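Reproduced below: target.csv, with CSV, C-alpha atoms and all ligand atoms.
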chain,number,residue,atom,x,y,z
R,1,THR,CA,-19.4,-21.5,5.0
R,2,GLU,CA,-21.9,-18.8,3.9
R,3,TYR,CA,-23.8,-16.3,6.0
R,4,THR,CA,-26.7,-14.0,5.4
R,5,VAL,CA,-26.0,-10.3,5.7
R,6,ALA,CA,-29.0,-7.9,6.1
R,7,ILE,CA,-28.3,-4.3,5.0
R,8,GLU,CA,-30.3,-1.6,6.7
R,9,PRO,CA,-32.0,0.7,6.0
R,10,LEU,CA,-32.3,-0.8,2.6
R,11,GLY,CA,-33.9,-4.0,3.9
R,12,ALA,CA,-31.8,-6.0,1.4
R,13,GLU,CA,-30.1,-9.3,2.1
R,14,VAL,CA,-27.1,-10.9,0.5
R,15,THR,CA,-25.2,-14.1,0.9
R,16,CYS,CA,-21.6,-13.7,2.0
R,17,ARG,CA,-18.9,-16.4,2.2
R,18,GLU,CA,-16.8,-16.5,5.4
R,19,ASP,CA,-13.7,-15.5,3.3
R,20,GLN,CA,-15.5,-12.7,1.4
R,21,THR,CA,-15.8,-9.1,2.5
R,22,VAL,CA,-19.3,-7.7,3.2
R,23,LEU,CA,-18.6,-4.9,0.7
R,24,ASP,CA,-17.7,-7.4,-2.1
R,25,ALA,CA,-20.8,-9.5,-1.4
R,26,CYS,CA,-23.0,-6.4,-1.7
R,27,LEU,CA,-21.3,-4.9,-4.8
R,28,ARG,CA,-21.5,-8.2,-6.7
R,29,GLU,CA,-25.3,-8.2,-5.9
R,30,GLY,CA,-25.7,-4.7,-7.3
R,31,ILE,CA,-26.2,-3.2,-3.9
R,32,TRP,CA,-24.0,-0.1,-3.8
R,33,LEU,CA,-22.5,0.9,-0.6
R,34,PRO,CA,-20.1,3.9,-0.2
R,35,HIS,CA,-16.5,2.9,-0.7
R,36,ALA,CA,-13.3,4.3,-2.1
R,37,CYS,CA,-10.0,2.5,-1.4
R,38,THR,CA,-11.4,-1.0,-0.9
R,39,HIS,CA,-8.4,-1.9,1.3
R,40,GLY,CA,-9.1,-0.6,4.8
R,41,THR,CA,-7.4,2.8,4.8
R,42,CYS,CA,-9.8,5.6,3.8
R,43,GLY,CA,-12.8,4.9,6.1
R,44,THR,CA,-15.4,5.6,3.5
R,45,CYS,CA,-17.1,2.2,4.0
R,46,LYS,CA,-17.5,2.5,7.7
R,47,ALA,CA,-20.7,1.0,8.9
R,48,GLU,CA,-22.5,-0.1,12.1
R,49,VAL,CA,-22.7,-3.8,12.8
R,50,LEU,CA,-26.1,-4.0,14.5
R,51,GLU,CA,-26.2,-7.8,14.9
R,52,GLY,CA,-23.6,-10.6,14.7
R,53,GLU,CA,-19.8,-10.7,14.8
R,54,VAL,CA,-17.3,-9.8,12.1
R,55,ASN,CA,-13.6,-10.4,11.6
R,56,TYR,CA,-12.3,-6.8,11.2
R,57,GLY,CA,-9.7,-7.8,8.6
R,58,ASP,CA,-6.9,-5.4,7.6
R,59,ALA,CA,-8.6,-2.3,8.9
R,60,SER,CA,-6.2,0.6,9.4
R,61,PRO,CA,-6.3,1.8,13.1
R,62,TYR,CA,-6.4,5.3,11.7
R,63,ALA,CA,-9.4,4.6,9.5
R,64,LEU,CA,-11.2,2.6,12.2
R,65,LEU,CA,-10.4,3.8,15.7
R,66,GLU,CA,-10.4,1.3,18.6
R,67,SER,CA,-13.2,3.3,20.2
R,68,GLU,CA,-15.3,3.1,17.0
R,69,ARG,CA,-14.7,-0.7,16.9
R,70,GLU,CA,-15.9,-1.0,20.5
R,71,GLU,CA,-19.0,0.9,19.6
R,72,GLY,CA,-19.8,-1.6,16.8
R,73,ALA,CA,-18.3,0.0,13.7
R,74,ALA,CA,-16.5,-2.0,11.0
R,75,LEU,CA,-14.9,-1.2,7.6
R,76,LEU,CA,-17.0,-3.3,5.2
R,77,CYS,CA,-14.3,-3.4,2.5
R,78,VAL,CA,-12.1,-5.6,4.8
R,79,ALA,CA,-14.7,-7.1,7.3
R,80,THR,CA,-15.8,-10.7,6.8
R,81,PRO,CA,-18.7,-12.4,8.6
R,82,ARG,CA,-18.3,-14.9,11.4
R,83,GLU,CA,-22.0,-15.4,11.6
R,84,ASP,CA,-25.2,-13.9,10.1
R,85,LEU,CA,-25.1,-10.2,10.3
R,86,THR,CA,-27.2,-7.1,10.2
R,87,VAL,CA,-25.3,-3.9,9.2
R,88,GLU,CA,-26.4,-0.3,8.9
R,89,ALA,CA,-24.7,1.7,6.2
R,90,GLU,CA,-25.3,5.2,4.8
R,91,VAL,CA,-26.4,4.6,1.3
R,92,ASP,CA,-26.8,7.8,-0.7
R,93,VAL,CA,-26.6,7.1,-4.4
R,94,GLU,CA,-26.9,10.4,-6.2
R,95,GLU,CA,-29.6,10.6,-8.9
R,96,GLY,CA,-28.4,9.9,-12.3
R,97,VAL,CA,-25.5,7.8,-11.2
R,98,ASP,CA,-25.9,4.2,-12.4
R,99,ILE,CA,-25.0,1.2,-10.3
R,100,HIS,CA,-22.9,-1.4,-12.0
R,101,PRO,CA,-22.4,-4.7,-10.2
R,102,VAL,CA,-18.8,-5.8,-9.6
R,103,ARG,CA,-17.7,-8.6,-11.9
R,104,ASP,CA,-14.6,-10.6,-12.6
R,105,TYR,CA,-13.2,-9.9,-16.1
R,106,THR,CA,-10.5,-11.3,-18.3
R,107,GLY,CA,-8.9,-9.8,-21.4
R,108,VAL,CA,-5.9,-9.6,-23.6
R,109,ILE,CA,-3.4,-6.7,-23.6
R,110,GLU,CA,-3.9,-4.8,-26.8
R,111,SER,CA,-1.0,-2.4,-26.3
R,112,VAL,CA,1.4,-1.0,-23.8
R,113,GLU,CA,2.6,2.4,-24.6
R,114,GLU,CA,5.3,4.6,-23.0
R,115,ALA,CA,3.1,7.7,-22.3
R,116,GLY,CA,5.7,9.5,-20.3
R,117,PRO,CA,9.1,8.8,-18.7
R,118,ARG,CA,7.3,7.1,-15.8
R,119,VAL,CA,3.9,6.3,-17.2
R,120,ARG,CA,2.6,3.4,-19.2
R,121,LYS,CA,-0.7,3.5,-21.0
R,122,VAL,CA,-2.1,0.0,-21.1
R,123,ILE,CA,-5.1,-1.0,-23.2
R,124,ILE,CA,-7.0,-4.2,-22.5
R,125,ALA,CA,-9.3,-5.8,-25.0
R,126,ALA,CA,-11.8,-7.3,-22.5
R,127,ASP,CA,-13.4,-10.6,-23.3
R,128,THR,CA,-16.8,-9.3,-22.2
R,129,PRO,CA,-18.0,-5.7,-22.1
R,130,VAL,CA,-17.3,-3.9,-18.8
R,131,SER,CA,-20.0,-1.6,-17.4
R,132,PHE,CA,-18.9,1.4,-15.3
R,133,ASN,CA,-19.3,5.1,-14.7
R,134,PRO,CA,-16.6,7.5,-15.9
R,135,GLY,CA,-14.4,8.1,-12.9
R,136,GLN,CA,-14.5,4.5,-11.5
R,137,TYR,CA,-11.6,2.1,-11.2
R,138,VAL,CA,-10.8,-1.6,-11.6
R,139,SER,CA,-8.5,-3.8,-9.6
R,140,LEU,CA,-5.9,-5.4,-11.9
R,141,ALA,CA,-4.3,-8.7,-10.8
R,142,SER,CA,-0.6,-9.4,-11.5
R,143,PRO,CA,0.6,-12.9,-12.5
R,144,THR,CA,1.7,-13.3,-8.9
R,145,GLY,CA,-1.8,-12.5,-7.6
R,146,GLU,CA,-1.0,-9.0,-6.3
R,147,VAL,CA,-4.0,-6.6,-6.9
R,148,ARG,CA,-3.8,-2.9,-7.7
R,149,PRO,CA,-6.4,-0.2,-8.3
R,150,TYR,CA,-6.3,1.7,-11.6
R,151,SER,CA,-8.8,4.3,-12.8
R,152,ILE,CA,-10.4,3.7,-16.2
R,153,ALA,CA,-9.4,6.3,-18.7
R,154,SER,CA,-11.7,5.0,-21.5
R,155,THR,CA,-15.4,5.5,-21.6
R,156,PRO,CA,-18.6,3.3,-21.2
R,157,GLN,CA,-19.3,3.9,-24.9
R,158,ASP,CA,-16.4,1.6,-25.7
R,159,PRO,CA,-16.9,-1.1,-23.0
R,160,SER,CA,-14.6,-3.8,-24.4
R,161,ARG,CA,-11.5,-1.6,-24.6
R,162,ILE,CA,-10.3,-0.6,-21.2
R,163,GLU,CA,-7.5,2.1,-20.9
R,164,LEU,CA,-5.4,2.4,-17.8
R,165,HIS,CA,-2.5,4.8,-16.9
R,166,ILE,CA,0.1,3.2,-14.7
R,167,GLN,CA,2.7,5.2,-12.9
R,168,LEU,CA,6.1,3.6,-12.0
R,169,SER,CA,6.7,3.2,-8.4
R,170,ASP,CA,10.4,2.5,-7.7
R,171,GLY,CA,10.8,-1.1,-6.3
R,172,GLY,CA,7.1,-1.7,-6.7
R,173,VAL,CA,6.4,-5.4,-7.3
R,174,VAL,CA,3.5,-4.7,-9.7
R,175,THR,CA,4.8,-1.6,-11.5
R,176,GLU,CA,8.6,-2.1,-11.7
R,177,GLY,CA,8.4,-5.9,-11.3
R,178,TRP,CA,5.7,-6.5,-13.9
R,179,VAL,CA,4.1,-3.7,-15.9
R,180,PHE,CA,7.3,-1.8,-16.7
R,181,LYS,CA,9.3,-4.9,-17.0
R,182,SER,CA,7.5,-7.5,-19.0
R,183,LEU,CA,3.8,-6.7,-19.7
R,184,ALA,CA,3.3,-6.8,-23.5
R,185,ALA,CA,0.6,-7.0,-26.2
R,186,GLY,CA,-0.9,-10.4,-26.3
R,187,ASP,CA,-0.6,-11.2,-22.5
R,188,ARG,CA,-3.7,-12.3,-20.8
R,189,VAL,CA,-4.9,-10.4,-17.7
R,190,SER,CA,-7.7,-10.5,-15.2
R,191,PHE,CA,-9.3,-7.7,-13.3
R,192,THR,CA,-12.4,-6.9,-11.2
R,193,GLY,CA,-14.6,-3.9,-11.0
R,194,PRO,CA,-15.9,-1.3,-11.3
R,195,TYR,CA,-15.2,0.3,-7.9
R,196,GLY,CA,-15.4,3.7,-6.2
R,197,LYS,CA,-17.7,6.6,-5.5
R,198,PHE,CA,-15.8,8.9,-7.8
R,199,SER,CA,-18.4,8.9,-10.6
R,200,TRP,CA,-19.4,11.4,-13.3
R,201,ARG,CA,-22.6,13.1,-12.2
R,202,PRO,CA,-24.6,13.4,-15.5
R,203,LEU,CA,-27.5,15.4,-14.0
R,204,ARG,CA,-25.3,18.2,-12.7
R,205,GLU,CA,-25.4,20.7,-15.5
R,206,GLN,CA,-23.1,23.4,-14.1
R,207,PRO,CA,-19.7,24.0,-15.7
R,208,VAL,CA,-17.2,21.4,-14.7
R,209,VAL,CA,-13.6,21.9,-13.5
R,210,LEU,CA,-11.5,18.8,-13.6
R,211,LEU,CA,-8.3,18.8,-11.5
R,212,GLY,CA,-5.7,16.0,-11.7
R,213,SER,CA,-2.1,15.4,-11.0
R,214,GLY,CA,0.1,12.7,-12.5
R,215,THR,CA,-1.9,9.6,-13.5
R,216,GLY,CA,-4.8,11.2,-11.6
R,217,LEU,CA,-5.5,12.3,-15.2
R,218,ALA,CA,-7.0,8.9,-16.0
R,219,PRO,CA,-10.6,9.2,-14.6
R,220,LEU,CA,-10.7,12.8,-15.7
R,221,LYS,CA,-9.8,11.8,-19.3
R,222,SER,CA,-12.7,9.3,-19.1
R,223,MET,CA,-15.0,12.2,-18.2
R,224,VAL,CA,-13.8,14.5,-20.9
R,225,ARG,CA,-14.2,11.9,-23.5
R,226,HIS,CA,-17.6,10.9,-22.2
R,227,VAL,CA,-18.8,14.5,-22.5
R,228,ALA,CA,-17.3,14.6,-26.1
R,229,GLU,CA,-18.8,11.3,-27.1
R,230,THR,CA,-22.3,11.9,-25.7
R,231,GLY,CA,-22.5,15.6,-26.6
R,232,SER,CA,-23.8,16.3,-23.1
R,233,GLY,CA,-23.3,20.0,-23.5
R,234,HIS,CA,-21.2,20.5,-20.3
R,235,GLN,CA,-18.5,23.2,-20.3
R,236,VAL,CA,-15.3,21.5,-19.1
R,237,VAL,CA,-11.9,22.9,-17.9
R,238,LEU,CA,-9.1,20.4,-17.3
R,239,TYR,CA,-6.0,21.1,-15.2
R,240,HIS,CA,-3.3,18.5,-15.3
R,241,GLY,CA,-0.5,18.9,-12.8
R,242,VAL,CA,3.0,17.4,-13.5
R,243,ALA,CA,6.6,18.7,-13.1
R,244,THR,CA,7.7,19.4,-16.7
R,245,ARG,CA,6.4,19.4,-20.3
R,246,ASP,CA,7.9,15.9,-20.8
R,247,ASP,CA,5.8,14.5,-18.0
R,248,LEU,CA,2.6,15.6,-19.7
R,249,TYR,CA,1.0,12.9,-21.6
R,250,ASP,CA,-2.0,12.9,-24.0
R,251,LYS,CA,-1.2,16.5,-24.6
R,252,GLU,CA,-1.8,16.2,-28.3
R,253,PHE,CA,-5.2,14.8,-27.7
R,254,PHE,CA,-6.3,17.4,-25.3
R,255,THR,CA,-4.7,20.3,-27.2
R,256,GLU,CA,-6.5,19.3,-30.3
R,257,LEU,CA,-9.8,18.9,-28.5
R,258,ASP,CA,-9.3,22.4,-26.9
R,259,GLU,CA,-8.6,23.9,-30.3
R,260,GLN,CA,-11.6,22.4,-32.0
R,261,ASN,CA,-14.3,22.9,-29.3
R,262,ASP,CA,-15.6,25.9,-27.4
R,263,TRP,CA,-16.8,23.7,-24.5
R,264,PHE,CA,-13.3,22.5,-23.6
R,265,SER,CA,-10.2,24.2,-22.1
R,266,TYR,CA,-6.9,22.3,-21.4
R,267,ARG,CA,-4.6,23.8,-18.8
R,268,PRO,CA,-1.4,22.0,-17.9
R,269,ALA,CA,0.0,23.0,-14.5
R,270,LEU,CA,3.7,22.6,-14.6
R,271,SER,CA,5.6,23.1,-11.3
R,272,LYS,CA,9.1,23.3,-13.0
R,273,ASP,CA,8.3,24.4,-16.5
R,274,THR,CA,6.0,26.8,-18.4
R,275,TRP,CA,2.9,26.4,-20.4
R,276,ASN,CA,1.3,29.5,-22.0
R,277,ASP,CA,3.7,31.6,-20.0
R,278,ARG,CA,2.6,30.1,-16.7
R,279,THR,CA,4.3,28.0,-14.1
R,280,GLY,CA,2.7,26.5,-11.0
R,281,ARG,CA,0.9,23.6,-9.4
R,282,VAL,CA,-2.8,23.0,-9.9
R,283,PRO,CA,-4.1,24.9,-6.8
R,284,ALA,CA,-2.0,28.0,-7.7
R,285,LEU,CA,-3.3,28.2,-11.3
R,286,LEU,CA,-6.8,27.4,-10.2
R,287,ALA,CA,-6.7,30.3,-7.7
R,288,GLU,CA,-5.4,32.6,-10.5
R,289,ASP,CA,-8.2,31.6,-12.9
R,290,TYR,CA,-11.1,31.3,-10.4
R,291,PRO,CA,-11.2,34.2,-7.8
R,292,ARG,CA,-14.8,32.8,-7.4
R,293,ALA,CA,-15.6,29.2,-8.3
R,294,ALA,CA,-19.2,29.2,-7.1
R,295,GLY,CA,-21.6,27.8,-9.7
R,296,ASN,CA,-19.1,25.1,-10.9
R,297,VAL,CA,-18.8,21.4,-10.1
R,298,ALA,CA,-15.3,20.2,-9.4
R,299,TYR,CA,-13.7,16.7,-9.7
R,300,ILE,CA,-10.3,16.2,-8.2
R,301,CYS,CA,-8.0,13.2,-8.5
R,302,GLY,CA,-4.4,13.1,-7.3
R,303,ASN,CA,-2.2,12.3,-4.3
R,304,PRO,CA,-3.7,13.2,-0.9
R,305,ALA,CA,-1.6,16.3,-0.6
R,306,MET,CA,-2.6,17.6,-4.0
R,307,VAL,CA,-6.3,16.8,-3.3
R,308,THR,CA,-6.2,18.6,0.0
R,309,ASP,CA,-4.5,21.7,-1.4
R,310,THR,CA,-6.9,21.8,-4.3
R,311,MET,CA,-9.9,21.4,-2.0
R,312,LYS,CA,-8.7,24.4,0.0
R,313,ALA,CA,-8.2,26.5,-3.1
R,314,LEU,CA,-11.7,25.7,-4.3
R,315,MET,CA,-13.3,26.4,-0.9
R,316,LYS,CA,-11.4,29.7,-0.6
R,317,ALA,CA,-13.0,30.5,-4.0
R,318,ARG,CA,-16.4,29.8,-2.4
R,319,LEU,CA,-17.1,26.4,-3.9
R,320,PHE,CA,-18.9,24.2,-1.3
R,321,PRO,CA,-18.0,20.6,-0.5
R,322,ARG,CA,-21.3,19.4,-2.0
R,323,ASP,CA,-20.0,20.6,-5.4
R,324,ILE,CA,-16.6,18.9,-5.0
R,325,TYR,CA,-15.9,15.2,-5.7
R,326,ARG,CA,-12.5,13.8,-4.9
R,327,GLU,CA,-10.5,10.7,-5.4
R,328,ASP,CA,-7.3,10.2,-3.4
R,329,PHE,CA,-4.7,8.3,-5.3
R,330,PHE,CA,-2.1,6.4,-3.4
R,331,ASP,CA,1.2,5.2,-4.8
R,332,SER,CA,0.3,1.7,-5.6
R,333,ALA,CA,3.8,0.1,-5.8
A,401,LIG,FE1,-13.1,0.7,3.1
A,401,LIG,FE2,-11.6,2.6,2.1
A,401,LIG,S1,-11.6,1.8,4.1
A,401,LIG,S2,-13.3,1.7,1.2
Whole structure given in structure tokens:
Amino acid sequence: TEYTVAIEPLGAEVTCREDQTVLDACLREGIWLPHACTHGTCGTCKAEVLEGEVNYGDASPYALLESEREEGAALLCVATPREDLTVEAEVDVEEGVDIHPVRDYTGVIESVEEAGPRVRKVIIAADTPVSFNPGQYVSLASPTGEVRPYSIASTPQDPSRIELHIQLSDGGVVTEGWVFKSLAAGDRVSFTGPYGKFSWRPLREQPVVLLGSGTGLAPLKSMVRHVAETGSGHQVVLYHGVATRDDLYDKEFFTELDEQNDWFSYRPALSKDTWNDRTGRVPALLAEDYPRAAGNVAYICGNPAMVTDTMKALMKARLFPRDIYREDFFDSA
């Protein structure tokens, strides 16, 4: 069964199957609605259901409170229609940020590289070009049908070669049970995307501070390479937080880029090791380097604790939330 979903205040209408989420129906039609996790936990996609009934799906009770549900709110990334709907969402696409409809893609694994002790760098040769903004992610499907989000580390300039950084999660059915166990060059894979509101803002010309931990480096690497490939002229500082030197990956690439370009600075933040005589996590090094951060634009990607601590350090240095973009990474098992 299919239903019609009207999106206010856009005045747009999409067709949505009864087993399809409202968000999916919109994103596939090129109607961008705010979203981040796409699995009912972050609350970014919360919207008002003005008319009609939905199934709430797997909405976390923390992301959608019982009282909000009673007042007519739903999480569109997990809500499916039970009849024709009218929903009201806050749609604020920033100028210069392109909208790329979500599509299903297939491809063949070009390489699986051991990037660090617990990180695999996977490159997929996509059968058709993938359009996305630097910073966005795809959902990769395992052979058993499990789906996991991974940020794209490659750039839109090379749309048929998708690079992902995958962190081992002990006991994880997708990482330990598949990617780290048997995934190899030549395997066929499928994925959907692009997803997420964490997108490079091309029109913001201020100096850029990129702050990542672990495989939170992936979307930031896409941004750095995008600036390099397009010659956008942005000044970029990249912090990468890990425990030791051995956990750093892509350090040759970033070190060389730093040495050869005035616009780029690479600053590993090692919590149990030193780099340029410094030891410390990302927020600590940031605070040292930026007593005042006003005038910059920051992009943060890491686990929720790292993101929160880094936000605090930036705000203490007088950077306002409107100049900070964040992506919370969860351990994806
Ligand atoms: Fe829907 Fe996170 S709860 S995008």
Open item on the list: 10 Å from ligand LIG 401 (chain A) is the threshold here; counting all atoms listed in the file, which polymer residues fall inside it? Answer as number ranges by chain.
Closed with: R: 23, 33-47, 58-60, 62-64, 74-79, 195-197
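With distances restricted to all atoms listed in the file, R:Val108 is the closest residue to Val189 of chain R from R:Ala284, R:Val108, R:Leu238, R:Ala313.
Note that the spacing between atom CA of Arg225 of chain R and atom CA of Gln260 of chain R amounts to 13.8 Å.
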TODO: Give me, please, the distance in Å between atom CA of Asn296 of chain R and atom CA of Val209 of chain R, quoted to one decimal.
DONE: 6.9 Å
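The smallest atom-to-atom distance between Ile300 of chain R and any of R:Phe198, R:Tyr3, R:Phe253, R:Tyr105, using all atoms listed in the file, is found for R:Phe198.
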TODO: Write out as JSON, numbers by chain the residues lying within 10 Å of Val174 of chain R, counting only C-alpha atoms and excluding same-chain residues fewer than 6 positions away.
DONE: {"R": [140, 141, 142, 143, 144, 145, 146, 147, 148, 166, 168, 180, 181, 332, 333]}
Store the residues picked out above, limited to C-alpha atoms, as a PDB file, in the coordinates of the input.
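Output file selection_20.pdb is given in full below:
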ATOM      1  CA  LEU R 140      -5.900  -5.400 -11.900  1.00  0.00           C
ATOM      2  CA  ALA R 141      -4.300  -8.700 -10.800  1.00  0.00           C
ATOM      3  CA  SER R 142      -0.600  -9.400 -11.500  1.00  0.00           C
ATOM      4  CA  PRO R 143       0.600 -12.900 -12.500  1.00  0.00           C
ATOM      5  CA  THR R 144       1.700 -13.300  -8.900  1.00  0.00           C
ATOM      6  CA  GLY R 145      -1.800 -12.500  -7.600  1.00  0.00           C
ATOM      7  CA  GLU R 146      -1.000  -9.000  -6.300  1.00  0.00           C
ATOM      8  CA  VAL R 147      -4.000  -6.600  -6.900  1.00  0.00           C
ATOM      9  CA  ARG R 148      -3.800  -2.900  -7.700  1.00  0.00           C
ATOM     10  CA  ILE R 166       0.100   3.200 -14.700  1.00  0.00           C
ATOM     11  CA  LEU R 168       6.100   3.600 -12.000  1.00  0.00           C
ATOM     12  CA  PHE R 180       7.300  -1.800 -16.700  1.00  0.00           C
ATOM     13  CA  LYS R 181       9.300  -4.900 -17.000  1.00  0.00           C
ATOM     14  CA  SER R 332       0.300   1.700  -5.600  1.00  0.00           C
ATOM     15  CA  ALA R 333       3.800   0.100  -5.800  1.00  0.00           C
TER      16      ALA R 333
END
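Residues lying within 9 Å of (-25.2, 6.0, 2.3). Counted over all atoms listed in the file, they are Trp32, Leu33, Pro34, Ala89, Glu90, Val91, Asp92 and Val93 of chain R.
The space separating atom CA of Gly57 of chain R from atom CA of Arg326 of chain R comes to 25.6 Å.
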